[in-house]
$ cat protein32.tsv   # TSV, C-alpha atoms
chain	number	residue	atom	x	y	z
A	21	MET	CA	53.82	64.14	28.29
A	22	ARG	CA	53.73	61.08	26.07
A	23	ILE	CA	53.86	61.37	22.27
A	24	THR	CA	53.03	58.37	20.07
A	25	PRO	CA	53.16	58.35	16.22
A	26	LEU	CA	50.05	57.02	14.46
A	27	LEU	CA	51.20	55.78	11.06
A	28	GLN	CA	48.22	53.94	9.61
A	29	PRO	CA	47.50	51.61	8.00
A	30	TYR	CA	50.74	49.88	8.97
A	31	MET	CA	50.75	47.50	11.90
A	32	PRO	CA	51.10	47.62	14.83
A	33	THR	CA	50.02	51.26	15.08
A	34	ASP	CA	46.56	52.25	16.26
A	35	THR	CA	44.19	53.77	13.76
A	36	ALA	CA	42.57	57.13	14.44
A	37	LEU	CA	39.26	55.26	14.67
A	38	ALA	CA	40.59	53.05	17.48
A	39	VAL	CA	41.82	56.13	19.37
A	40	LEU	CA	38.48	57.94	19.10
A	41	GLN	CA	36.52	54.84	20.10
A	42	ARG	CA	38.79	54.44	23.12
A	43	TRP	CA	38.20	58.05	24.17
A	44	LEU	CA	34.44	57.66	23.81
A	45	SER	CA	34.45	54.48	25.90
A	46	GLU	CA	36.43	55.87	28.85
A	47	ARG	CA	34.52	56.45	32.08
A	48	PRO	CA	33.72	58.80	33.61
A	49	ALA	CA	32.89	60.40	30.29
A	50	GLY	CA	34.55	63.73	29.58
A	51	GLU	CA	34.58	66.10	26.60
A	52	VAL	CA	35.60	65.35	23.02
A	53	THR	CA	36.19	68.01	20.36
A	54	MET	CA	36.77	67.10	16.73
A	55	VAL	CA	38.06	69.71	14.26
A	56	SER	CA	38.26	68.36	10.72
A	57	ALA	CA	38.58	69.73	7.21
A	58	TRP	CA	36.24	66.99	5.99
A	59	GLY	CA	33.36	65.46	7.92
A	60	LYS	CA	31.34	62.62	6.47
A	61	ALA	CA	28.68	60.14	7.49
A	62	SER	CA	31.08	57.35	6.48
A	63	ALA	CA	33.12	58.18	9.60
A	64	LEU	CA	30.29	59.21	11.94
A	65	SER	CA	28.47	55.94	11.27
A	66	LEU	CA	31.57	54.08	12.50
A	67	LEU	CA	31.46	56.13	15.72
A	68	GLU	CA	27.68	56.32	16.14
A	69	GLU	CA	27.38	53.52	18.69
A	70	SER	CA	30.30	54.81	20.76
A	71	ILE	CA	28.97	58.39	20.67
A	72	ALA	CA	25.52	57.32	21.87
A	73	SER	CA	27.02	55.45	24.83
A	74	PHE	CA	29.39	58.35	25.57
A	75	LYS	CA	26.57	60.91	25.64
A	76	ALA	CA	24.32	58.61	27.67
A	77	ASP	CA	27.00	58.68	30.39
A	78	GLY	CA	27.13	62.47	30.37
A	79	GLY	CA	29.89	63.01	27.79
A	80	ARG	CA	29.85	66.05	25.53
A	81	LEU	CA	30.81	66.00	21.85
A	82	GLU	CA	31.56	69.13	19.83
A	83	LEU	CA	32.30	69.12	16.09
A	84	PHE	CA	33.94	71.76	13.87
A	85	LEU	CA	33.59	70.72	10.23
A	86	GLY	CA	35.02	72.44	7.18
A	87	LEU	CA	33.04	73.19	4.02
A	88	SER	CA	35.99	73.78	1.68
A	89	GLN	CA	36.83	71.74	-1.41
A	90	GLY	CA	33.68	69.59	-1.37
A	91	GLY	CA	34.72	67.78	1.80
A	92	ALA	CA	31.37	68.23	3.51
A	93	THR	CA	28.37	66.13	2.54
A	94	GLU	CA	24.68	66.45	3.24
A	95	GLN	CA	24.65	63.05	4.90
A	96	GLY	CA	27.61	63.94	7.10
A	97	LEU	CA	26.14	67.27	8.22
A	98	GLU	CA	22.75	65.69	8.93
A	99	MET	CA	24.40	62.98	11.01
A	100	ALA	CA	26.56	65.54	12.84
A	101	LEU	CA	23.37	67.36	13.84
A	102	ASP	CA	21.91	64.12	15.17
A	103	LEU	CA	24.98	62.92	17.08
A	104	ALA	CA	26.90	65.91	18.46
A	105	ASN	CA	25.90	68.19	21.32
A	106	LYS	CA	27.06	71.10	19.16
A	107	THR	CA	28.24	71.30	15.57
A	108	TYR	CA	29.92	74.25	13.85
A	109	VAL	CA	30.63	74.63	10.14
A	110	ILE	CA	33.54	76.70	8.84
A	111	PHE	CA	34.03	78.34	5.45
A	112	ASP	CA	36.18	81.32	4.41
A	113	PRO	CA	34.99	82.83	1.10
A	114	SER	CA	38.27	84.75	0.65
A	115	GLY	CA	39.78	81.56	-0.74
A	116	ARG	CA	41.53	80.20	2.36
A	117	THR	CA	40.92	76.47	2.78
A	118	PHE	CA	39.94	75.16	6.21
A	119	HIS	CA	42.32	72.21	6.50
A	120	PRO	CA	43.08	71.18	10.15
A	121	LYS	CA	42.63	67.75	11.67
A	122	LEU	CA	42.62	68.05	15.46
A	123	TYR	CA	40.91	65.69	17.90
A	124	LEU	CA	40.91	66.54	21.61
A	125	HIS	CA	39.75	64.59	24.66
A	126	ARG	CA	39.58	65.95	28.22
A	127	ASP	CA	38.46	64.36	31.47
A	128	ALA	CA	38.89	65.39	35.11
A	129	ARG	CA	42.60	64.53	35.30
A	130	SER	CA	44.16	64.30	31.85
A	131	PHE	CA	43.87	65.08	28.16
A	132	SER	CA	44.75	63.50	24.84
A	133	ALA	CA	45.11	65.14	21.44
A	134	LEU	CA	45.48	63.62	17.98
A	135	ILE	CA	46.96	65.98	15.39
A	136	GLY	CA	47.76	64.77	11.89
A	137	SER	CA	46.36	64.15	8.42
A	138	GLN	CA	43.33	62.12	9.49
A	139	ASN	CA	40.08	63.67	8.27
A	140	LEU	CA	36.75	62.70	9.81
A	141	THR	CA	36.03	60.23	7.01
A	142	ALA	CA	36.04	56.44	6.95
A	143	GLY	CA	39.30	56.47	4.99
A	144	GLY	CA	40.92	59.08	7.19
A	145	LEU	CA	40.09	57.25	10.40
A	146	GLN	CA	40.86	53.73	9.29
A	147	THR	CA	41.98	52.73	5.80
A	148	ASN	CA	43.95	55.57	4.18
A	149	TYR	CA	47.68	56.10	4.47
A	150	GLU	CA	47.79	58.73	7.22
A	151	ALA	CA	50.29	60.10	9.72
A	152	GLY	CA	49.66	61.83	13.02
A	153	LEU	CA	50.84	62.29	16.58
A	154	LEU	CA	48.91	61.22	19.65
A	155	ILE	CA	49.76	63.53	22.57
A	156	GLU	CA	48.84	62.50	26.13
A	157	GLY	CA	49.25	64.78	29.12
A	158	THR	CA	47.99	65.44	32.65
A	159	PHE	CA	46.62	68.45	34.46
A	160	PHE	CA	49.43	68.14	37.03
A	161	ASN	CA	52.27	69.06	34.70
A	162	ARG	CA	52.86	72.72	33.77
A	163	ASP	CA	54.29	71.96	30.32
A	164	ASP	CA	51.39	69.65	29.53
A	165	MET	CA	48.89	72.30	30.57
A	166	GLU	CA	50.61	74.87	28.36
A	167	VAL	CA	50.14	72.61	25.33
A	168	LEU	CA	46.50	71.96	26.22
A	169	GLY	CA	45.93	75.69	26.71
A	170	LYS	CA	47.19	76.47	23.21
A	171	LEU	CA	45.00	73.78	21.67
A	172	GLU	CA	41.92	74.99	23.53
A	173	ASP	CA	42.73	78.60	22.59
A	174	TYR	CA	42.79	77.54	18.93
A	175	VAL	CA	39.37	75.88	19.24
A	176	GLU	CA	37.97	78.93	21.02
A	177	THR	CA	39.40	81.24	18.34
A	178	LEU	CA	37.52	79.25	15.71
A	179	ARG	CA	34.34	79.47	17.76
A	180	VAL	CA	34.47	83.26	18.11
A	181	ASP	CA	35.52	83.90	14.49
A	182	VAL	CA	31.85	84.33	13.68
A	183	ASP	CA	32.36	85.45	10.08
A	184	ILE	CA	33.63	82.03	9.07
A	185	CYS	CA	32.29	79.80	11.87
A	186	LYS	CA	28.54	79.20	12.23
A	187	PRO	CA	26.61	76.92	14.61
A	188	LEU	CA	24.83	74.35	12.48
A	189	ASP	CA	21.10	73.81	12.74
A	190	GLU	CA	18.41	72.58	10.36
A	191	ARG	CA	17.78	76.05	8.96
A	192	LEU	CA	21.46	76.70	8.18
A	193	LEU	CA	21.84	73.23	6.69
A	194	LYS	CA	18.98	73.95	4.30
A	195	ALA	CA	20.59	77.28	3.35
A	196	LEU	CA	23.99	75.64	2.78
A	197	ILE	CA	22.51	73.07	0.43
A	198	ALA	CA	20.78	75.85	-1.54
A	199	ASP	CA	23.88	78.11	-1.69
A	200	PRO	CA	25.77	77.64	-5.00
A	201	ALA	CA	29.02	78.88	-3.42
A	202	ILE	CA	29.20	76.15	-0.77
A	203	PRO	CA	30.56	72.89	-2.25
A	204	ILE	CA	28.34	70.39	-0.45
A	205	GLY	CA	28.79	66.86	-1.81
A	206	SER	CA	26.81	63.65	-1.43
A	207	GLU	CA	27.78	60.21	-0.18
A	208	ALA	CA	24.91	58.64	-2.07
A	209	THR	CA	27.20	58.12	-5.06
A	210	SER	CA	30.86	58.48	-4.07
A	211	GLU	CA	32.71	59.58	-0.96
A	212	ASN	CA	35.04	61.68	-3.11
A	213	GLU	CA	32.39	63.22	-5.37
A	214	ALA	CA	33.57	66.59	-6.61
A	215	PRO	CA	31.35	69.67	-6.24
A	216	SER	CA	29.36	70.51	-9.34
A	217	ALA	CA	30.61	73.20	-11.70
A	218	GLU	CA	27.65	75.42	-10.94
A	219	ARG	CA	28.71	75.67	-7.28
A	220	SER	CA	32.41	76.40	-7.74
A	221	GLY	CA	33.52	80.02	-7.73
A	222	ALA	CA	30.12	81.45	-6.81
A	223	GLU	CA	29.60	84.03	-4.09
A	224	THR	CA	28.02	83.33	-0.72
A	225	SER	CA	25.98	85.54	1.57
A	226	LEU	CA	26.20	83.08	4.47
A	227	PHE	CA	29.89	83.64	5.31
A	228	ALA	CA	32.38	86.50	5.16
A	229	PRO	CA	36.20	86.52	5.18
A	230	SER	CA	37.62	86.25	8.67
A	231	ALA	CA	37.99	89.55	10.53
A	232	MET	CA	40.63	88.03	12.82
A	233	GLN	CA	44.32	88.96	12.50
A	234	LEU	CA	45.78	86.39	10.13
A	235	VAL	CA	49.29	85.54	8.99
A	236	TYR	CA	49.96	86.87	5.45
A	237	GLY	CA	46.51	88.45	5.21
A	238	HIS	CA	43.84	87.13	2.84
A	239	ARG	CA	44.37	85.29	-0.39
A	240	ARG	CA	41.78	87.03	-2.54
A	241	ARG	CA	39.69	84.97	-4.87
A	242	ARG	CA	39.53	86.24	-8.45
A	243	PRO	CA	36.18	88.00	-8.92
A	244	THR	CA	33.57	85.84	-10.61
A	245	SER	CA	29.97	86.34	-11.51
A	246	ARG	CA	27.39	84.48	-9.49
A	247	SER	CA	26.58	81.17	-11.06
A	248	ILE	CA	23.06	80.62	-12.27
A	249	ARG	CA	21.54	77.66	-10.50
A	250	ALA	CA	19.71	75.08	-12.53
A	251	PRO	CA	16.00	75.00	-11.75
A	252	GLN	CA	15.01	72.72	-8.87
A	253	PRO	CA	13.32	69.49	-9.95
A	254	GLN	CA	9.59	69.45	-9.49
A	255	GLY	CA	7.92	67.64	-6.62
A	256	GLU	CA	10.08	65.54	-4.35
A	257	VAL	CA	12.53	64.11	-6.88
A	258	ASN	CA	15.93	64.30	-5.25
A	259	ALA	CA	18.47	66.30	-7.24
A	260	LEU	CA	21.33	64.34	-5.67
A	261	ARG	CA	20.12	60.79	-6.11
A	262	GLN	CA	18.56	58.61	-8.75
A	263	TYR	CA	15.83	56.05	-8.26
A	264	ASP	CA	14.03	53.90	-10.78
A	265	VAL	CA	10.40	54.95	-10.70
A	266	ASN	CA	7.59	53.76	-12.92
A	267	GLU	CA	4.50	55.45	-14.26
A	268	ASN	CA	2.55	54.57	-11.12
A	269	THR	CA	4.98	56.29	-8.73
A	270	GLY	CA	3.53	59.56	-7.51
A	271	ALA	CA	6.20	60.48	-4.94
A	272	PHE	CA	9.12	58.97	-3.08
A	273	TRP	CA	11.46	59.81	-0.21
A	274	SER	CA	14.50	57.98	1.10
A	275	LYS	CA	17.07	58.00	3.88
A	276	ARG	CA	20.12	55.90	4.67
A	277	LEU	CA	19.45	54.42	8.08
A	278	PRO	CA	21.93	55.07	10.92
A	279	ARG	CA	21.88	52.83	13.97
A	280	SER	CA	19.50	55.13	15.80
A	281	ASP	CA	16.80	54.84	13.11
A	282	ALA	CA	17.51	51.12	12.73
A	283	MET	CA	16.78	50.64	16.45
A	284	ARG	CA	20.28	49.27	17.03
A	285	LEU	CA	21.80	51.71	19.52
A	286	PRO	CA	23.07	49.70	22.51
A	287	ASN	CA	22.61	51.00	26.05
A	288	ALA	CA	20.00	53.47	24.84
A	289	HIS	CA	16.23	53.49	25.07
A	290	PRO	CA	14.94	53.16	21.48
A	291	THR	CA	12.49	55.77	20.27
A	292	ALA	CA	10.59	53.23	18.11
A	293	HIS	CA	9.97	55.83	15.42
A	294	LEU	CA	11.60	57.31	12.32
A	295	ALA	CA	11.71	61.10	12.01
A	296	LEU	CA	10.88	62.23	8.48
A	297	THR	CA	13.54	64.84	7.73
A	298	GLN	CA	14.63	66.74	4.65
A	299	ALA	CA	17.32	64.12	3.90
A	300	GLY	CA	18.68	66.14	0.98
A	301	TYR	CA	15.40	66.64	-0.87
A	302	PRO	CA	14.07	70.08	-1.96
A	303	ILE	CA	11.19	69.97	0.53
A	304	ASP	CA	10.14	71.67	3.77
A	305	PRO	CA	9.87	68.70	6.15
A	306	ALA	CA	7.81	70.74	8.63
A	307	VAL	CA	4.78	70.63	6.33
A	308	TYR	CA	5.59	68.45	3.31
A	309	PHE	CA	4.79	65.02	4.73
A	310	ARG	CA	1.50	66.13	6.34
A	311	ASN	CA	0.27	68.37	3.54
A	312	ASP	CA	1.61	66.53	0.50
A	313	PHE	CA	3.07	63.04	0.82
A	314	PHE	CA	0.41	61.71	3.24
A	315	ALA	CA	-2.21	64.40	2.56
A	316	GLY	CA	-4.77	61.91	1.27
A	317	CYS	CA	-4.71	59.80	4.45
A	318	GLU	CA	-7.34	60.06	7.17
A	319	TRP	CA	-5.83	62.28	9.86
A	320	ILE	CA	-7.30	62.17	13.35
A	321	PRO	CA	-6.53	65.02	15.82
A	322	THR	CA	-5.62	64.13	19.39
A	323	LEU	CA	-4.11	65.80	22.44
A	324	ASP	CA	-0.79	64.65	23.85
A	325	ARG	CA	0.13	66.47	27.09
A	326	ASP	CA	-1.97	69.44	26.00
A	327	ARG	CA	-0.19	69.48	22.63
A	328	LEU	CA	-2.16	68.96	19.43
A	329	ARG	CA	-1.05	65.94	17.44
A	330	GLU	CA	-2.52	64.35	14.32
A	331	GLU	CA	-2.37	60.63	13.63
A	332	ALA	CA	-2.97	58.57	10.52
A	333	LEU	CA	-2.89	54.78	10.09
A	334	VAL	CA	-1.25	53.91	6.77
A	335	PRO	CA	-0.95	50.42	5.25
A	336	PHE	CA	2.53	49.92	3.75
A	337	THR	CA	3.64	47.16	1.44
A	338	VAL	CA	7.01	46.23	2.98
A	339	ARG	CA	9.80	44.86	0.80
A	340	GLY	CA	13.33	43.78	1.66
A	341	LEU	CA	12.70	43.07	5.36
A	342	PHE	CA	10.95	39.69	5.24
A	343	ARG	CA	11.33	36.64	3.02
A	344	SER	CA	8.21	37.70	1.18
A	345	VAL	CA	6.32	40.93	0.67
A	346	ARG	CA	4.06	41.87	3.60
A	347	THR	CA	1.54	44.59	4.28
A	348	VAL	CA	1.93	46.31	7.65
A	349	GLN	CA	-0.19	49.12	9.05
A	350	LEU	CA	1.95	51.86	10.60
A	351	GLN	CA	1.05	55.03	12.44
A	352	ILE	CA	2.15	58.42	11.13
A	353	ASP	CA	2.35	61.22	13.73
A	354	HIS	CA	2.34	64.93	12.94
A	355	THR	CA	2.86	67.52	15.69
A	356	PRO	CA	2.47	71.05	14.26
A	357	SER	CA	4.04	72.75	17.29
A	358	TRP	CA	7.31	70.91	16.62
A	359	GLN	CA	7.80	72.73	13.33
A	360	SER	CA	9.97	75.34	15.06
A	361	SER	CA	10.80	73.94	18.49
A	362	GLN	CA	12.08	70.57	17.27
A	363	GLY	CA	14.12	71.57	14.25
A	364	ASN	CA	11.28	71.07	11.76
A	365	ARG	CA	11.02	67.34	12.51
A	366	ALA	CA	7.27	67.51	12.82
A	367	THR	CA	6.30	64.17	11.23
A	368	SER	CA	7.42	60.65	12.09
A	369	ILE	CA	6.58	57.03	11.37
A	370	ARG	CA	6.08	54.75	14.36
A	371	TRP	CA	7.69	51.40	13.67
A	372	GLY	CA	4.83	49.56	15.39
A	373	ASP	CA	4.84	45.85	14.50
A	374	LEU	CA	8.17	46.32	12.71
A	375	PHE	CA	9.92	47.43	15.92
A	376	PRO	CA	10.70	43.95	17.36
A	377	VAL	CA	11.86	42.80	13.91
A	378	LEU	CA	14.28	45.73	13.59
A	379	ARG	CA	15.40	45.56	17.20
A	380	GLU	CA	16.00	41.82	17.47
A	381	GLU	CA	15.90	40.06	14.10
A	382	VAL	CA	17.04	42.14	11.10
A	383	ASP	CA	19.76	44.81	11.35
A	384	VAL	CA	19.02	47.38	8.65
A	385	THR	CA	21.81	49.77	9.66
A	386	GLY	CA	23.31	51.34	6.53
A	387	LEU	CA	20.48	50.28	4.24
A	388	GLU	CA	18.48	52.84	2.30
A	389	LEU	CA	14.83	53.11	3.30
A	390	VAL	CA	12.67	54.17	0.35
A	391	ILE	CA	9.06	55.22	0.91
A	392	GLU	CA	6.84	55.51	-2.16
A	393	ARG	CA	3.32	56.77	-2.77
A	394	SER	CA	1.64	55.57	-5.93
A	395	VAL	CA	-0.70	57.63	-8.06
A	396	HIS	CA	-3.43	55.38	-6.66
A	397	GLN	CA	-2.63	56.52	-3.08
A	398	THR	CA	-1.08	53.22	-1.99
A	399	PHE	CA	2.19	53.18	-0.05
A	400	GLN	CA	5.32	51.04	-0.26
A	401	MET	CA	8.35	50.79	2.05
A	402	THR	CA	11.55	49.22	0.71
A	403	PHE	CA	14.79	48.41	2.55
A	404	THR	CA	17.52	48.18	-0.07
A	405	HIS	CA	21.25	48.23	-0.82
A	406	ASN	CA	20.60	49.23	-4.42
A	407	PHE	CA	19.86	52.93	-4.22
A	408	ASN	CA	22.14	55.30	-6.11

$ encode --input "protein32.tsv" --output "structure tokens"
Amino acid sequence: MRITPLLQPYMPTDTALAVLQRWLSERPAGEVTMVSAWGKASALSLLEESIASFKADGGRLELFLGLSQGGATEQGLEMALDLANKTYVIFDPSGRTFHPKLYLHRDARSFSALIGSQNLTAGGLQTNYEAGLLIEGTFFNRDDMEVLGKLEDYVETLRVDVDICKPLDERLLKALIADPAIPIGSEATSENEAPSAERSGAETSLFAPSAMQLVYGHRRRRPTSRSIRAPQPQGEVNALRQYDVNENTGAFWSKRLPRSDAMRLPNAHPTAHLALTQAGYPIDPAVYFRNDFFAGCEWIPTLDRDRLREEALVPFTVRGLFRSVRTVQLQIDHTPSWQSSQGNRATSIRWGDLFPVLREEVDVTGLELVIERSVHQTFQMTFTHNFN
């Protein structure tokens, strides 16, 4: 067994990011498990390209992300759903904080494990002052296999501790965002944004204290009354973001673009469309875009492999992509049967004439895409850095 200290950011040590990227690039691809107290899009966006290539070669990625202390963000959880084969979220309402940082890689002959202080955030993986140990072993050494067995037993114990550990899907994500007891933050303003006062100390019906045998028992939280949530904003105004709208703005929606939506994933066949998801807004994406945002458009029913699909051609005024403002007609697809079978991602925008621009000319990765509908039923699409 080989043990190497990782003492970032001091040279010449590796960063945790470099280690994870190396694991994801090794072939044949194996399995990678990441267990982190905090999980954010700031880190997953750094790994997005490597993860796509890893999965394309048959690799499997599993994430266990904590929800304690405001370490989880909507953007991070959404991205985890998109990138990982399986994502679990962990929260113990008794007051115990989920705080481990364990990264594990296995292939057919060997394993590597990184254990330390490095959270799954951009700072934790690359820029913060962090300390950890990189352990490398083989399947041919009994002592090495004993260490690997204990690490895998720990991961499996988390998985089966069903009171605190839940498999993440779109429905649970929506419930987490709505639950005042779960301190979900936002990366739209600050990576270290603290949970709001209305969320702290509230009770949750989504999780229960662990029923597993624990050292020292439970640390009981002082009883508190359930916080009263502030009323949700009307329409599609995002409670977590701010955007300068004028009197002619009827509705808007936005999303920070990962590489997949920006058509910049290497070694992967681009989908040439943008799925219209919840993206942190108080909407039901299965029906909102068809029945509200684009309701006034001319929808034409069609059959696609015996599946009903509706299409609408919508002219968008496009800003921030070309030297001057242009109007481009884009197709909106709505497939009602996907409302349950595809995680409520029933509506999408086909990039159409914008596809070769995004794929070959302008990299919009990390920019915010803002789609607006005016009160006059005209549509605008803006690619911007300046969205708070």

$ residues_around --input "protein32.tsv" --residues "segment 327-335 of chain A" --least-positions-apart "2" --cutoff "9 Å" --atoms "only C-alpha atoms" --output "list of chain:residue names"
A:Phe314, A:Cys317, A:Glu318, A:Trp319, A:Ile320, A:Pro321, A:Thr322, A:Leu323, A:Asp324, A:Arg325, A:Thr337, A:Thr347, A:Val348, A:Gln349, A:Leu350, A:Gln351, A:Ile352, A:Asp353, A:His354, A:Thr355, A:Pro356, A:Ser357, A:Thr398, A:Phe399, A:Gln400

$ residues_around --input "protein32.tsv" --residues "segment 59-63 of chain A" --least-positions-apart "4" --cutoff "6 Å" --atoms "all atoms listed in the file" --output "PyMOL selection string"
chain A and resi 85+92+95-96+140-142

$ write_last_selection --input "protein32.tsv" --atoms "C-alpha atoms" --output "mmCIF file, keeping the file's coordinate frame"
data_model
loop_
_atom_site.group_PDB
_atom_site.id
_atom_site.type_symbol
_atom_site.label_atom_id
_atom_site.label_comp_id
_atom_site.auth_asym_id
_atom_site.auth_seq_id
_atom_site.Cartn_x
_atom_site.Cartn_y
_atom_site.Cartn_z
ATOM 1 C CA LEU A 85 33.590 70.720 10.230
ATOM 2 C CA ALA A 92 31.370 68.230 3.510
ATOM 3 C CA GLN A 95 24.650 63.050 4.900
ATOM 4 C CA GLY A 96 27.610 63.940 7.100
ATOM 5 C CA LEU A 140 36.750 62.700 9.810
ATOM 6 C CA THR A 141 36.030 60.230 7.010
ATOM 7 C CA ALA A 142 36.040 56.440 6.950
#

$ closest_residue --input "protein32.tsv" --among "A:Gly115, A:Pro29, A:Gly270, A:Gly91" --to "Gln146 of chain A" --atoms "only C-alpha atoms"
A:Pro29

$ atom_distance --input "protein32.tsv" --atom1 "atom CA of Leu101 of chain A" --atom2 "atom CA of Leu188 of chain A"
7.3 Å

$ residues_around --input "protein32.tsv" --residues "Ile184 of chain A" --least-positions-apart "5" --cutoff "7 Å" --atoms "only C-alpha atoms" --output "ChimeraX atom specification"
/A:110-112,227-230

$ atom_distance --input "protein32.tsv" --atom1 "atom CA of Thr33 of chain A" --atom2 "atom CA of Tyr123 of chain A"
17.3 Å

$ residues_around --input "protein32.tsv" --residues "Tyr149 of chain A" --least-positions-apart "3" --cutoff "8 Å" --atoms "all atoms listed in the file" --output "VMD selection string"
chain A and resid 27 to 29 144

$ closest_residue --input "protein32.tsv" --among "A:Glu150, A:Asp189, A:Asp163, A:Glu156" --to "Asp127 of chain A" --atoms "only C-alpha atoms"
A:Glu156

$ residues_around --input "protein32.tsv" --residues "segment 34-51 of chain A" --least-positions-apart "5" --cutoff "6 Å" --atoms "all atoms listed in the file" --output "JSON list (two decimals) with C-alpha atoms, keeping the file's coordinate frame"
[["chain", "number", "residue", "atom", "x", "y", "z"],
["A", 28, "GLN", "CA", 48.22, 53.94, 9.61],
["A", 70, "SER", "CA", 30.30, 54.81, 20.76],
["A", 74, "PHE", "CA", 29.39, 58.35, 25.57],
["A", 79, "GLY", "CA", 29.89, 63.01, 27.79],
["A", 80, "ARG", "CA", 29.85, 66.05, 25.53],
["A", 125, "HIS", "CA", 39.75, 64.59, 24.66],
["A", 126, "ARG", "CA", 39.58, 65.95, 28.22],
["A", 127, "ASP", "CA", 38.46, 64.36, 31.47],
["A", 145, "LEU", "CA", 40.09, 57.25, 10.40],
["A", 146, "GLN", "CA", 40.86, 53.73, 9.29]]

$ atom_distance --input "protein32.tsv" --atom1 "atom CA of Arg22 of chain A" --atom2 "atom CA of Leu154 of chain A"
8.0 Å

$ closest_residue --input "protein32.tsv" --among "A:Val180, A:Ile23, A:Arg393, A:Ile204" --to "Ile155 of chain A" --atoms "all atoms listed in the file"
A:Ile23

$ closest_residue --input "protein32.tsv" --among "A:Phe342, A:Tyr301, A:Phe84, A:Phe403" --to "Ser56 of chain A" --atoms "only C-alpha atoms"
A:Phe84

$ closest_residue --input "protein32.tsv" --among "A:Met283, A:Leu67, A:Val55, A:Asn105" --to "Leu178 of chain A" --atoms "all atoms listed in the file"
A:Val55

$ closest_residue --input "protein32.tsv" --among "A:Ala282, A:Phe309, A:Glu392, A:Phe336" --to "Val377 of chain A" --atoms "only C-alpha atoms"
A:Ala282
